[in-house]
>>> print(open('structure.csv').read())   # CSV, C-alpha atoms
chain,number,residue,atom,x,y,z
A,1,MET,CA,-174.7,-6.0,95.6
A,2,TYR,CA,-173.5,-2.9,93.8
A,3,ILE,CA,-170.1,-3.3,92.3
A,4,ASP,CA,-168.2,-0.1,91.7
A,5,SER,CA,-164.5,-1.2,92.1
A,6,GLN,CA,-162.2,-3.5,90.2
A,7,ALA,CA,-161.5,-5.5,93.3
A,8,GLU,CA,-165.2,-6.2,93.9
A,9,LEU,CA,-165.6,-7.2,90.3
A,10,GLU,CA,-162.7,-9.6,90.3
A,11,ALA,CA,-164.0,-11.1,93.6
A,12,PHE,CA,-167.4,-11.6,92.0
A,13,VAL,CA,-165.9,-13.4,89.0
A,14,GLU,CA,-164.1,-15.8,91.4
A,15,ARG,CA,-167.3,-16.4,93.4
A,16,ALA,CA,-169.4,-16.9,90.3
A,17,GLY,CA,-167.1,-19.5,88.8
A,18,THR,CA,-169.0,-22.3,90.4
A,19,THR,CA,-172.6,-21.2,89.6
A,20,ARG,CA,-174.8,-23.3,87.3
A,21,VAL,CA,-176.7,-20.4,85.8
A,22,LEU,CA,-175.6,-16.8,85.1
A,23,ALA,CA,-178.5,-14.5,84.2
A,24,ILE,CA,-177.3,-11.4,82.3
A,25,ASP,CA,-178.9,-8.1,81.3
A,26,THR,CA,-177.6,-4.6,80.4
A,27,GLU,CA,-178.8,-1.0,80.5
A,28,PHE,CA,-177.4,1.2,77.7
A,29,LEU,CA,-177.9,4.4,75.7
A,30,ARG,CA,-177.6,4.7,72.0
A,31,GLU,CA,-179.1,8.0,71.1
A,32,LYS,CA,-175.8,9.8,70.5
A,33,THR,CA,-173.5,6.9,69.4
A,34,TYR,CA,-173.3,4.3,66.8
A,35,TYR,CA,-172.2,1.6,69.2
A,36,PRO,CA,-174.4,1.2,72.4
A,37,LYS,CA,-172.9,2.9,75.4
A,38,LEU,CA,-173.0,0.4,78.3
A,39,CYS,CA,-174.3,2.1,81.5
A,40,LEU,CA,-175.0,-0.9,83.7
A,41,MET,CA,-174.7,-4.7,83.8
A,42,GLN,CA,-176.8,-6.8,86.0
A,43,MET,CA,-176.2,-10.5,86.8
A,44,ALA,CA,-177.8,-13.2,88.9
A,45,THR,CA,-176.0,-16.4,89.9
A,46,ASP,CA,-177.4,-19.4,91.9
A,47,ASP,CA,-177.1,-17.5,95.1
A,48,GLU,CA,-176.4,-13.7,94.5
A,49,ARG,CA,-177.4,-10.8,92.4
A,50,VAL,CA,-175.0,-8.0,91.4
A,51,ILE,CA,-175.2,-4.7,89.6
A,52,ILE,CA,-171.9,-3.7,87.9
A,53,ASP,CA,-171.1,0.0,87.3
A,54,PRO,CA,-169.0,0.0,84.1
A,55,PHE,CA,-168.1,3.7,84.7
A,56,ALA,CA,-166.5,2.8,88.1
A,57,VAL,CA,-164.5,-0.4,87.3
A,58,ASP,CA,-161.2,-0.4,85.4
A,59,ASP,CA,-161.5,-3.5,83.2
A,60,LEU,CA,-164.7,-5.3,82.3
A,61,LYS,CA,-162.7,-7.9,80.3
A,62,VAL,CA,-162.2,-9.9,83.5
A,63,LEU,CA,-165.8,-11.1,82.9
A,64,LYS,CA,-164.7,-12.9,79.8
A,65,GLU,CA,-163.6,-15.8,82.0
A,66,LEU,CA,-167.2,-16.2,83.2
A,67,PHE,CA,-168.8,-15.7,79.8
A,68,GLU,CA,-166.7,-18.4,78.2
A,69,ASN,CA,-167.0,-20.9,81.0
A,70,GLU,CA,-168.6,-24.0,79.4
A,71,SER,CA,-170.0,-25.2,82.7
A,72,ILE,CA,-172.1,-22.1,83.2
A,73,MET,CA,-175.4,-21.5,81.3
A,74,LYS,CA,-175.7,-17.8,80.4
A,75,VAL,CA,-179.4,-16.8,80.3
A,76,PHE,CA,-180.7,-13.7,78.6
A,77,HIS,CA,-184.2,-12.4,77.6
A,78,ALA,CA,-184.2,-11.0,74.0
A,79,GLY,CA,-180.4,-11.0,74.2
A,80,HIS,CA,-179.3,-9.7,70.8
A,81,GLN,CA,-178.5,-6.2,72.0
A,82,ASP,CA,-177.0,-7.4,75.3
A,83,ILE,CA,-174.7,-9.8,73.4
A,84,GLU,CA,-173.7,-7.1,70.9
A,85,ILE,CA,-172.6,-4.9,73.8
A,86,ILE,CA,-170.6,-7.7,75.4
A,87,LEU,CA,-168.9,-8.5,72.1
A,88,TYR,CA,-168.0,-4.9,71.6
A,89,ASP,CA,-166.9,-4.1,75.1
A,90,ILE,CA,-165.5,-7.4,76.3
A,91,GLY,CA,-164.6,-9.2,73.1
A,92,CYS,CA,-166.6,-12.4,73.4
A,93,ILE,CA,-170.0,-13.9,72.9
A,94,PRO,CA,-171.2,-15.7,76.1
A,95,HIS,CA,-171.7,-19.4,75.7
A,96,PRO,CA,-173.4,-21.8,76.3
A,97,LEU,CA,-176.5,-19.6,75.8
A,98,PHE,CA,-180.2,-19.7,76.6
A,99,ASP,CA,-182.7,-17.0,75.6
A,100,THR,CA,-186.0,-17.1,77.4
A,101,GLN,CA,-187.8,-15.1,74.7
A,102,VAL,CA,-186.8,-17.7,72.1
A,103,ALA,CA,-187.8,-20.5,74.4
A,104,ALA,CA,-191.1,-18.9,75.1
A,105,ALA,CA,-192.0,-18.8,71.4
A,106,LEU,CA,-191.2,-22.6,71.2
A,107,LEU,CA,-193.6,-23.2,74.1
A,108,GLY,CA,-196.5,-21.4,72.5
A,109,GLN,CA,-196.1,-17.9,73.9
A,110,VAL,CA,-196.5,-15.0,71.5
A,111,GLN,CA,-193.4,-14.3,69.4
A,112,GLN,CA,-191.1,-11.7,71.0
A,113,ILE,CA,-192.9,-11.7,74.3
A,114,GLY,CA,-191.7,-8.9,76.6
A,115,TYR,CA,-189.8,-9.7,79.8
A,116,GLY,CA,-192.5,-8.2,82.0
A,117,ALA,CA,-195.2,-10.2,80.4
A,118,LEU,CA,-193.2,-13.4,80.6
A,119,VAL,CA,-192.4,-12.8,84.3
A,120,HIS,CA,-196.1,-12.2,85.0
A,121,ALA,CA,-197.1,-15.4,83.1
A,122,MET,CA,-194.5,-17.7,84.6
A,123,CYS,CA,-193.8,-16.2,88.1
A,124,GLY,CA,-197.1,-14.4,88.8
A,125,VAL,CA,-195.2,-11.1,89.5
A,126,LYS,CA,-196.1,-7.8,87.9
A,127,LEU,CA,-192.9,-5.7,87.4
A,128,LYS,CA,-192.8,-2.0,87.8
A,129,LYS,CA,-191.6,-0.3,84.6
A,130,VAL,CA,-191.4,3.3,85.6
A,131,ASP,CA,-187.7,3.5,85.0
A,132,SER,CA,-187.7,2.0,81.5
A,133,PHE,CA,-186.6,5.2,79.8
A,134,THR,CA,-184.5,6.8,82.5
A,135,ASP,CA,-181.0,8.1,81.8
A,136,TRP,CA,-178.8,5.3,82.9
A,137,SER,CA,-175.6,7.3,82.4
A,138,VAL,CA,-176.4,9.7,85.2
A,139,ARG,CA,-174.8,9.0,88.7
A,140,PRO,CA,-175.8,8.4,91.4
A,141,LEU,CA,-178.5,6.0,90.4
A,142,SER,CA,-181.7,6.1,92.4
A,143,GLU,CA,-183.0,3.2,94.5
A,144,SER,CA,-185.9,2.9,92.1
A,145,GLN,CA,-183.5,2.5,89.1
A,146,LEU,CA,-181.4,-0.1,91.0
A,147,SER,CA,-184.5,-2.1,91.9
A,148,TYR,CA,-185.6,-2.0,88.3
A,149,ALA,CA,-182.2,-3.1,87.1
A,150,GLU,CA,-182.1,-6.0,89.6
A,151,ASP,CA,-185.6,-7.1,88.6
A,152,ASP,CA,-184.4,-7.6,85.0
A,153,VAL,CA,-182.3,-10.6,86.1
A,154,VAL,CA,-183.8,-11.9,89.4
A,155,TYR,CA,-186.5,-14.0,87.7
A,156,LEU,CA,-184.4,-15.3,84.7
A,157,PRO,CA,-182.9,-18.4,86.5
A,158,GLN,CA,-186.4,-19.5,87.6
A,159,ILE,CA,-187.9,-19.0,84.2
A,160,TYR,CA,-184.9,-20.8,82.6
A,161,GLU,CA,-185.4,-23.9,84.8
A,162,ALA,CA,-189.2,-24.0,84.1
A,163,GLN,CA,-188.7,-23.5,80.4
A,164,CYS,CA,-186.0,-26.2,80.2
A,165,LYS,CA,-188.3,-28.7,81.9
A,166,ALA,CA,-191.2,-27.8,79.6
A,167,LEU,CA,-189.1,-28.0,76.5
A,168,GLU,CA,-187.7,-31.4,77.6
A,169,GLN,CA,-191.1,-32.7,78.3
A,170,LYS,CA,-192.2,-31.7,74.8
A,171,GLY,CA,-189.1,-33.0,73.2
A,172,ARG,CA,-188.1,-29.5,72.0
A,173,LEU,CA,-184.9,-28.8,73.9
A,174,GLY,CA,-182.9,-29.6,70.8
A,175,TRP,CA,-184.9,-27.1,68.8
A,176,LEU,CA,-183.1,-24.3,70.6
A,177,ASP,CA,-179.8,-25.1,68.8
A,178,ASP,CA,-181.2,-23.9,65.5
A,179,GLU,CA,-182.9,-20.9,67.0
A,180,LEU,CA,-179.8,-19.7,68.9
A,181,ARG,CA,-177.3,-20.3,66.2
A,182,GLU,CA,-177.7,-16.7,64.9
A,183,LEU,CA,-177.2,-15.2,68.4
A,184,LEU,CA,-173.9,-17.2,68.8
A,185,ASP,CA,-172.5,-16.1,65.4
A,186,PRO,CA,-170.2,-13.1,65.5
A,187,GLU,CA,-171.3,-12.2,61.9
A,188,THR,CA,-174.7,-11.4,63.3
A,189,TYR,CA,-173.3,-8.3,65.0
A,190,MET,CA,-171.2,-7.2,62.1
A,191,PRO,CA,-173.8,-6.3,59.4
A,192,ASP,CA,-172.8,-5.9,55.8
A,193,GLU,CA,-172.7,-2.1,55.1
A,194,SER,CA,-173.3,-2.8,51.4
A,195,ASP,CA,-176.8,-4.2,52.2
A,196,ARG,CA,-177.8,-1.3,54.5
A,197,PHE,CA,-179.6,0.6,51.6
A,198,ARG,CA,-182.4,-2.0,51.8
A,199,ARG,CA,-183.5,-0.5,55.1
A,200,LEU,CA,-183.7,3.1,53.9
A,201,LYS,CA,-187.1,4.6,54.4
A,202,HIS,CA,-188.8,5.0,51.0
A,203,VAL,CA,-186.0,3.2,49.1
A,204,GLY,CA,-188.8,1.5,47.1
A,205,GLN,CA,-189.4,4.8,45.3
A,206,LEU,CA,-186.1,4.5,43.5
A,207,SER,CA,-185.3,2.9,40.2
A,208,ARG,CA,-182.7,0.1,40.2
A,209,ARG,CA,-180.1,2.6,38.8
A,210,GLN,CA,-180.9,5.0,41.6
A,211,MET,CA,-180.8,2.2,44.1
A,212,ALA,CA,-177.2,1.4,43.0
A,213,ALA,CA,-176.3,5.0,44.0
A,214,ALA,CA,-178.3,4.7,47.3
A,215,ARG,CA,-176.3,1.5,48.0
A,216,GLU,CA,-173.1,3.4,47.8
A,217,MET,CA,-174.3,6.3,49.8
A,218,ALA,CA,-175.7,4.2,52.6
A,219,SER,CA,-172.6,2.1,52.7
A,220,TRP,CA,-170.4,5.2,53.0
A,221,ARG,CA,-172.7,6.5,55.7
A,222,GLU,CA,-172.5,3.3,57.6
A,223,ILE,CA,-168.7,3.2,57.5
A,224,GLU,CA,-168.4,6.9,58.6
A,225,ALA,CA,-170.9,6.5,61.4
A,226,ARG,CA,-169.0,3.5,62.7
A,227,LYS,CA,-165.7,5.3,62.4
A,228,ARG,CA,-166.9,8.4,64.2
A,229,ASN,CA,-169.2,6.4,66.7
A,230,VAL,CA,-172.2,8.6,66.0
A,231,PRO,CA,-175.8,7.7,64.9
A,232,ARG,CA,-176.2,7.2,61.1
A,233,LYS,CA,-178.7,10.0,60.9
A,234,TRP,CA,-176.0,12.4,62.2
A,235,ILE,CA,-174.0,11.7,59.0
A,236,LEU,CA,-177.0,11.7,56.6
A,237,THR,CA,-180.7,11.0,57.1
A,238,ASP,CA,-182.5,8.3,55.1
A,239,GLU,CA,-184.5,11.0,53.4
A,240,GLN,CA,-181.4,12.9,52.3
A,241,ILE,CA,-179.9,9.7,50.7
A,242,VAL,CA,-183.1,8.8,48.9
A,243,GLU,CA,-183.9,12.3,47.7
A,244,SER,CA,-180.3,12.7,46.5
A,245,CYS,CA,-180.4,9.5,44.5
A,246,LYS,CA,-183.7,10.5,42.9
A,247,ARG,CA,-181.9,13.5,41.4
A,248,GLU,CA,-179.0,11.3,40.2
A,249,PRO,CA,-176.4,13.9,41.1
A,250,ARG,CA,-173.2,14.2,39.2
A,251,THR,CA,-171.6,17.3,40.9
A,252,ILE,CA,-171.3,18.6,44.4
A,253,ASP,CA,-173.7,21.4,43.5
A,254,ASP,CA,-176.3,18.8,42.5
A,255,LEU,CA,-175.8,17.1,45.9
A,256,PHE,CA,-176.1,20.3,47.8
A,257,MET,CA,-179.5,21.0,46.2
A,258,ILE,CA,-180.9,18.6,48.8
A,259,ARG,CA,-182.0,20.4,52.0
A,260,GLY,CA,-179.5,20.2,54.8
A,261,MET,CA,-176.9,18.4,52.8
A,262,ARG,CA,-174.5,21.4,52.7
A,263,GLU,CA,-174.5,21.5,56.5
A,264,ARG,CA,-174.0,17.8,56.8
A,265,LEU,CA,-171.1,17.2,54.5
A,266,THR,CA,-167.7,18.8,54.2
A,267,THR,CA,-166.4,19.5,50.7
A,268,ARG,CA,-164.1,16.5,51.1
A,269,ASP,CA,-166.9,14.2,52.1
A,270,ALA,CA,-169.2,15.5,49.4
A,271,ARG,CA,-166.5,14.9,46.8
A,272,MET,CA,-166.1,11.3,48.0
A,273,VAL,CA,-169.9,10.7,47.9
A,274,ILE,CA,-170.2,12.1,44.4
A,275,GLU,CA,-167.4,9.9,43.1
A,276,LEU,CA,-169.2,6.8,44.6
A,277,VAL,CA,-172.6,7.9,43.3
A,278,VAL,CA,-171.4,8.7,39.7
A,279,SER,CA,-169.6,5.4,39.6
A,280,ALA,CA,-172.8,3.6,40.6
A,281,LEU,CA,-175.0,5.5,38.1
A,282,ASP,CA,-172.6,4.6,35.3
A,283,SER,CA,-172.2,1.0,36.3
A,284,ALA,CA,-173.6,-1.9,34.2
A,285,PRO,CA,-177.3,-2.6,34.7
A,286,ASP,CA,-176.6,-6.2,35.7
A,287,THR,CA,-174.8,-4.8,38.8
A,288,TRP,CA,-177.8,-2.7,39.9
A,289,PRO,CA,-179.6,-4.1,43.0
A,290,GLU,CA,-183.1,-5.2,43.2
A,291,LEU,CA,-185.2,-5.2,46.3
A,292,GLN,CA,-186.0,-8.7,47.5
A,293,ALA,CA,-189.6,-7.9,48.1
A,294,ALA,CA,-190.2,-6.7,44.6
A,295,GLY,CA,-190.9,-10.0,42.8
A,296,LYS,CA,-192.7,-8.3,40.0
A,297,SER,CA,-191.7,-10.9,37.4
A,298,GLU,CA,-192.9,-13.7,39.6
A,299,PRO,CA,-196.5,-15.1,39.7
A,300,ASN,CA,-198.9,-13.9,42.3
A,301,VAL,CA,-199.3,-16.6,44.9
A,302,ASP,CA,-201.7,-15.1,47.3
A,303,VAL,CA,-204.2,-18.0,47.1
A,304,GLN,CA,-201.5,-20.6,47.5
A,305,VAL,CA,-200.0,-18.7,50.5
A,306,ASP,CA,-203.5,-18.6,52.1
A,307,MET,CA,-203.8,-22.3,51.8
A,308,LEU,CA,-200.3,-22.9,53.2
A,309,MET,CA,-201.1,-20.6,56.1
A,310,ALA,CA,-204.2,-22.7,56.9
A,311,VAL,CA,-202.0,-25.8,57.3
A,312,VAL,CA,-199.5,-23.8,59.4
A,313,ARG,CA,-202.3,-22.6,61.7
A,314,ILE,CA,-203.5,-26.2,62.2
A,315,ARG,CA,-200.1,-27.5,63.1
A,316,ALA,CA,-199.2,-24.5,65.2
A,317,LYS,CA,-202.3,-25.0,67.3
A,318,GLN,CA,-201.8,-28.7,67.6
A,319,ASN,CA,-198.2,-28.3,68.7
A,320,GLY,CA,-198.6,-25.2,70.9
A,321,ILE,CA,-196.3,-23.0,68.9
A,322,ALA,CA,-196.7,-19.3,68.0
A,323,ILE,CA,-197.5,-19.1,64.3
A,324,PRO,CA,-194.8,-16.6,63.4
A,325,THR,CA,-192.3,-18.8,65.1
A,326,LEU,CA,-193.3,-21.8,63.0
A,327,ALA,CA,-193.5,-20.0,59.6
A,328,SER,CA,-192.9,-16.5,58.3
A,329,HIS,CA,-195.1,-15.1,55.6
A,330,SER,CA,-192.0,-14.5,53.4
A,331,ASP,CA,-191.1,-18.2,53.7
A,332,LEU,CA,-194.5,-19.2,52.6
A,333,VAL,CA,-194.3,-16.9,49.6
A,334,ASP,CA,-190.9,-18.3,48.7
A,335,ILE,CA,-192.0,-21.9,48.7
A,336,ALA,CA,-195.2,-21.1,46.9
A,337,ARG,CA,-193.0,-19.8,44.1
A,338,GLY,CA,-190.9,-22.9,44.1
A,339,HIS,CA,-187.9,-21.5,46.0
A,340,TYR,CA,-187.0,-24.3,48.4
A,341,ASP,CA,-183.4,-23.4,49.1
A,342,ASP,CA,-182.4,-21.6,52.3
A,343,VAL,CA,-186.0,-21.4,53.6
A,344,ASP,CA,-186.3,-21.9,57.4
A,345,ILE,CA,-189.7,-23.7,57.2
A,346,LEU,CA,-187.9,-26.5,55.2
A,347,LYS,CA,-185.2,-27.0,57.8
A,348,GLY,CA,-184.9,-28.9,61.1
A,349,TRP,CA,-187.8,-29.2,63.4
A,350,ARG,CA,-190.0,-26.8,61.3
A,351,ARG,CA,-189.7,-29.2,58.4
A,352,ASP,CA,-190.8,-32.1,60.6
A,353,ILE,CA,-193.8,-30.3,62.0
A,354,VAL,CA,-195.2,-28.7,58.8
A,355,GLY,CA,-192.6,-27.9,56.1
A,356,ALA,CA,-192.7,-31.3,54.4
A,357,GLU,CA,-196.5,-31.2,54.4
A,358,LEU,CA,-196.4,-27.8,52.7
A,359,VAL,CA,-194.3,-29.2,49.9
A,360,ASP,CA,-196.6,-32.1,49.6
A,361,MET,CA,-199.6,-29.7,49.3
A,362,LEU,CA,-197.9,-27.6,46.6
A,363,GLU,CA,-197.1,-30.8,44.6
A,364,GLY,CA,-200.6,-32.1,44.9
A,365,ARG,CA,-200.2,-34.9,47.4
A,366,LEU,CA,-202.3,-33.1,50.1
A,367,ALA,CA,-205.5,-31.1,50.1
A,368,LEU,CA,-207.6,-29.1,52.5
A,369,ALA,CA,-211.1,-30.1,53.4
A,370,ILE,CA,-213.8,-29.1,55.8
A,371,GLU,CA,-215.2,-31.8,58.1
A,372,LYS,CA,-217.7,-31.2,60.8
A,373,GLY,CA,-217.0,-27.5,60.6
A,374,LYS,CA,-213.2,-27.8,60.9
A,375,VAL,CA,-210.5,-27.4,58.3
A,376,VAL,CA,-208.4,-30.6,58.0
A,377,VAL,CA,-205.5,-31.8,55.9
A,378,LYS,CA,-206.1,-34.9,53.9
A,379,GLN,CA,-204.2,-37.1,51.5
A,380,ASN,CA,-205.2,-36.6,47.9
A,381,LYS,CA,-206.6,-39.8,46.3
>>> encode(input="structure.csv", output="C-alpha cells")
Amino acid sequence: MYIDSQAELEAFVERAGTTRVLAIDTEFLREKTYYPKLCLMQMATDDERVIIDPFAVDDLKVLKELFENESIMKVFHAGHQDIEIILYDIGCIPHPLFDTQVAAALLGQVQQIGYGALVHAMCGVKLKKVDSFTDWSVRPLSESQLSYAEDDVVYLPQIYEAQCKALEQKGRLGWLDDELRELLDPETYMPDESDRFRRLKHVGQLSRRQMAAAREMASWREIEARKRNVPRKWILTDEQIVESCKREPRTIDDLFMIRGMRERLTTRDARMVIELVVSALDSAPDTWPELQAAGKSEPNVDVQVDMLMAVVRIRAKQNGIAIPTLASHSDLVDIARGHYDDVDILKGWRRDIVGAELVDMLEGRLALAIEKGKVVVKQNK
C-alpha cells in the first residue's frame, strides 16, 4: 500500500498497533545536505506492507506511537542510518530493536553482510538491485522503484524469526543486548565535533601542534555544516583544512594562500577561523592532540598480536562467529600492550569465549602448540 495522505498514515498507525513485528527501512539522499533527506519509508507488519511518502503526508511524528510501543519488535538491517533519520525527523529511537546484520554476524555470517546477500542465504531469493542509486526524491516513483523499496522490508520479519530461533538455540540471544546498545544510544547519532579532525584525509601528515589547529578548523566546519544543513565539503574540504594547518596560518592572507579558500570563506568566516587556529597554535603542548593510532612510544607487538589472532581464529571457528565480530585488530593491539580497560574483547560474551584466554596467554598461563597438523591452545606447565 502506498501512503500519500495524513489520513492513510494515521489509519496505518492504528492498524499496526497490534503487530508483533514492524520491519523498517528508508530511502534517502545526502549528497546536498548535512542531515539525510528522507524520501521514502517502508514498513512491514505481520500482515501488510506499506510505503510512506514523506513528501505527501503532513506529520510523520504520528509514527512515534508505533516506534515506542514496547510490545512491537522493530526490525532493521544495518539500521544506523535509518535510526539516525527517524531520530532527526520523528524525534525518537525505535525500541525494542533488532538488527538482522548484527544478528547475522553473531551466527557466523561475514561481518556487515548486505541485505541482498542475507536474503539470498536465508530465503533463497535473489533481489534485483537496479534501483539502488536512483533519485528517490523525484515523483512519481516508478513501479520498479516501488517494488525495490518494498523488497527491502518484505523479508525482514521472516529473517528475524529465523535468526531469533537460531540465536536462542545457540544461547546467544542475550548477546544482542551488548551489540545493540550503541544503536539505542542517542549519543551515537550526535558525534563530538571536537573529535572530527581524526577523520580528515591525510591528517597523519600534521605535527601535533598543527593537529591542534586542524581540530579547531574541523570542529568549526562541523558546526557550520550542521547549522546550514549542507555537506561538510561545501564549507571546507579535508584537503583545504590539512594544507592550511601545514602552513600554520596567522593571518587571513595566509589562509587565502590555500587554493579555493578565498571562494569558500567570507571575510567574517575567515577571521573566525584564523582566531581559532592561532589560539590552537599558541596553546600549551600538553593540550595538543595525538592520533590514537600513532603509538610510537609503545613497544611493537606484531608477534604477540599474531599469536592472539591464532587463538581468536580457533575460537571463532569453533563457535561459528565471524572473526571481526569476535575481536578487532585494534583490541588485540591494546591488550598486547597491557591496556585492558574499555576493550570490547574483555567484556561480556566475548570475554567468555576468548577474551579471558587471551589474557591468560599474555600472562604466560597458556601457549600455542601444533598437534597432528593443527594449532591448539594448551595450558602451560
>>> closest_residue(input="structure.csv", among="A:Thr325, A:Val277, A:Asp334, A:Asp152", to="Val305 of chain A", atoms="only C-alpha atoms")
A:Asp334
>>> closest_residue(input="structure.csv", among="A:Leu184, A:Cys245, A:Ile159, A:Ile72", to="Leu87 of chain A", atoms="all atoms listed in the file")
A:Leu184
>>> atom_distance(input="structure.csv", atom1="atom CA of His77 of chain A", atom2="atom CA of Gln42 of chain A")
12.5 Å
>>> atom_distance(input="structure.csv", atom1="atom CA of Leu255 of chain A", atom2="atom CA of Ala213 of chain A")
12.3 Å
>>> residues_near_point(input="structure.csv", point="(-175.4, -16.0, 67.1)", cutoff="10 Å", atoms="all atoms listed in the file", output="list in words")
His80, Ile83, Glu84, Ile93, Pro94, His95, Leu97, Asp178, Glu179, Leu180, Arg181, Glu182, Leu183, Leu184, Asp185, Pro186, Glu187, Thr188 and Tyr189 of chain A
>>> atom_distance(input="structure.csv", atom1="atom CA of Ile52 of chain A", atom2="atom CA of Phe12 of chain A")
10.0 Å
>>> residues_around(input="structure.csv", residues="Pro36 of chain A", least_positions_apart="6", cutoff="12 Å", atoms="only C-alpha atoms", output="PyMOL selection string")
chain A and resi 26-30+81-89+137+226+229-231
>>> closest_residue(input="structure.csv", among="A:Lys74, A:Lys246, A:Arg172, A:Lys317", to="Tyr160 of chain A", atoms="all atoms listed in the file")
A:Lys74
>>> residues_around(input="structure.csv", residues="segment 270-275 of chain A", least_positions_apart="6", cutoff="12 Å", atoms="only C-alpha atoms", output="MDAnalysis selection string")
chainID A and resid 213:221 224 235:236 241 244:245 248:256 261:264 281:282
>>> residues_around(input="structure.csv", residues="Leu368 of chain A", least_positions_apart="2", cutoff="9 Å", atoms="all atoms listed in the file", output="MDAnalysis selection string")
chainID A and resid 307 310:311 361 366 370 375:379
>>> write_last_selection(input="structure.csv", atoms="C-alpha atoms", output="compact mmCIF listing (two decimals), in the frame of the given file")
# COMPACT_ATOMS: atom_id res chain seq x y z
CA MET A 307 -203.80 -22.30 51.80
CA ALA A 310 -204.20 -22.70 56.90
CA VAL A 311 -202.00 -25.80 57.30
CA MET A 361 -199.60 -29.70 49.30
CA LEU A 366 -202.30 -33.10 50.10
CA ILE A 370 -213.80 -29.10 55.80
CA VAL A 375 -210.50 -27.40 58.30
CA VAL A 376 -208.40 -30.60 58.00
CA VAL A 377 -205.50 -31.80 55.90
CA LYS A 378 -206.10 -34.90 53.90
CA GLN A 379 -204.20 -37.10 51.50
>>> residues_near_point(input="structure.csv", point="(-185.9, -18.2, 80.4)", cutoff="10 Å", atoms="only C-alpha atoms", output="MDAnalysis selection string")
chainID A and resid 23 75:78 98:104 115 118:119 122 155:164
>>> closest_residue(input="structure.csv", among="A:Ile345, A:Pro289, A:Ala336, A:Leu107", to="Glu363 of chain A", atoms="all atoms listed in the file")
A:Ala336
>>> closest_residue(input="structure.csv", among="A:Gln109, A:Asn69, A:Ser279, A:Ser5", to="Ala322 of chain A", atoms="all atoms listed in the file")
A:Gln109
>>> closest_residue(input="structure.csv", among="A:Val312, A:Ile90, A:Val301, A:Leu141", to="Ser328 of chain A", atoms="only C-alpha atoms")
A:Val312
>>> build_atoms(input="structure.csv", residues="segment 323-338 of chain A", atoms="N, CA and C atoms", output="short mmCIF file (atom, residue, chain, number, x, y, z; two decimals), in the coordinates of the input")
data_model
loop_
_atom_site.label_atom_id
_atom_site.label_comp_id
_atom_site.auth_asym_id
_atom_site.auth_seq_id
_atom_site.Cartn_x
_atom_site.Cartn_y
_atom_site.Cartn_z
N ILE A 323 -197.54 -19.01 65.73
CA ILE A 323 -197.50 -19.10 64.30
C ILE A 323 -196.31 -18.45 63.63
N PRO A 324 -195.96 -17.19 64.01
CA PRO A 324 -194.80 -16.60 63.40
C PRO A 324 -193.48 -17.31 63.68
N THR A 325 -193.45 -18.03 64.80
CA THR A 325 -192.30 -18.80 65.10
C THR A 325 -192.15 -20.02 64.21
N LEU A 326 -193.28 -20.60 63.87
CA LEU A 326 -193.30 -21.80 63.00
C LEU A 326 -193.02 -21.44 61.55
N ALA A 327 -193.64 -20.36 61.05
CA ALA A 327 -193.50 -20.00 59.60
C ALA A 327 -193.69 -18.55 59.40
N SER A 328 -192.77 -17.93 58.70
CA SER A 328 -192.90 -16.50 58.30
C SER A 328 -193.68 -16.42 57.01
N HIS A 329 -194.34 -15.30 56.80
CA HIS A 329 -195.10 -15.10 55.60
C HIS A 329 -194.12 -15.13 54.36
N SER A 330 -192.92 -14.56 54.52
CA SER A 330 -192.00 -14.50 53.40
C SER A 330 -191.53 -15.96 53.03
N ASP A 331 -191.39 -16.85 54.02
CA ASP A 331 -191.10 -18.20 53.70
C ASP A 331 -192.16 -18.91 52.91
N LEU A 332 -193.40 -18.64 53.28
CA LEU A 332 -194.50 -19.20 52.60
C LEU A 332 -194.58 -18.73 51.12
N VAL A 333 -194.31 -17.45 50.94
CA VAL A 333 -194.30 -16.90 49.60
C VAL A 333 -193.17 -17.55 48.77
N ASP A 334 -192.01 -17.71 49.39
CA ASP A 334 -190.90 -18.30 48.70
C ASP A 334 -191.21 -19.74 48.20
N ILE A 335 -191.73 -20.56 49.09
CA ILE A 335 -192.00 -21.90 48.70
C ILE A 335 -193.16 -22.04 47.72
N ALA A 336 -194.12 -21.11 47.84
CA ALA A 336 -195.20 -21.10 46.90
C ALA A 336 -194.74 -20.80 45.49
N ARG A 337 -193.61 -20.09 45.39
CA ARG A 337 -193.00 -19.80 44.10
C ARG A 337 -191.98 -20.78 43.67
N GLY A 338 -191.84 -21.83 44.48
CA GLY A 338 -190.90 -22.90 44.10
C GLY A 338 -189.50 -22.70 44.56
#
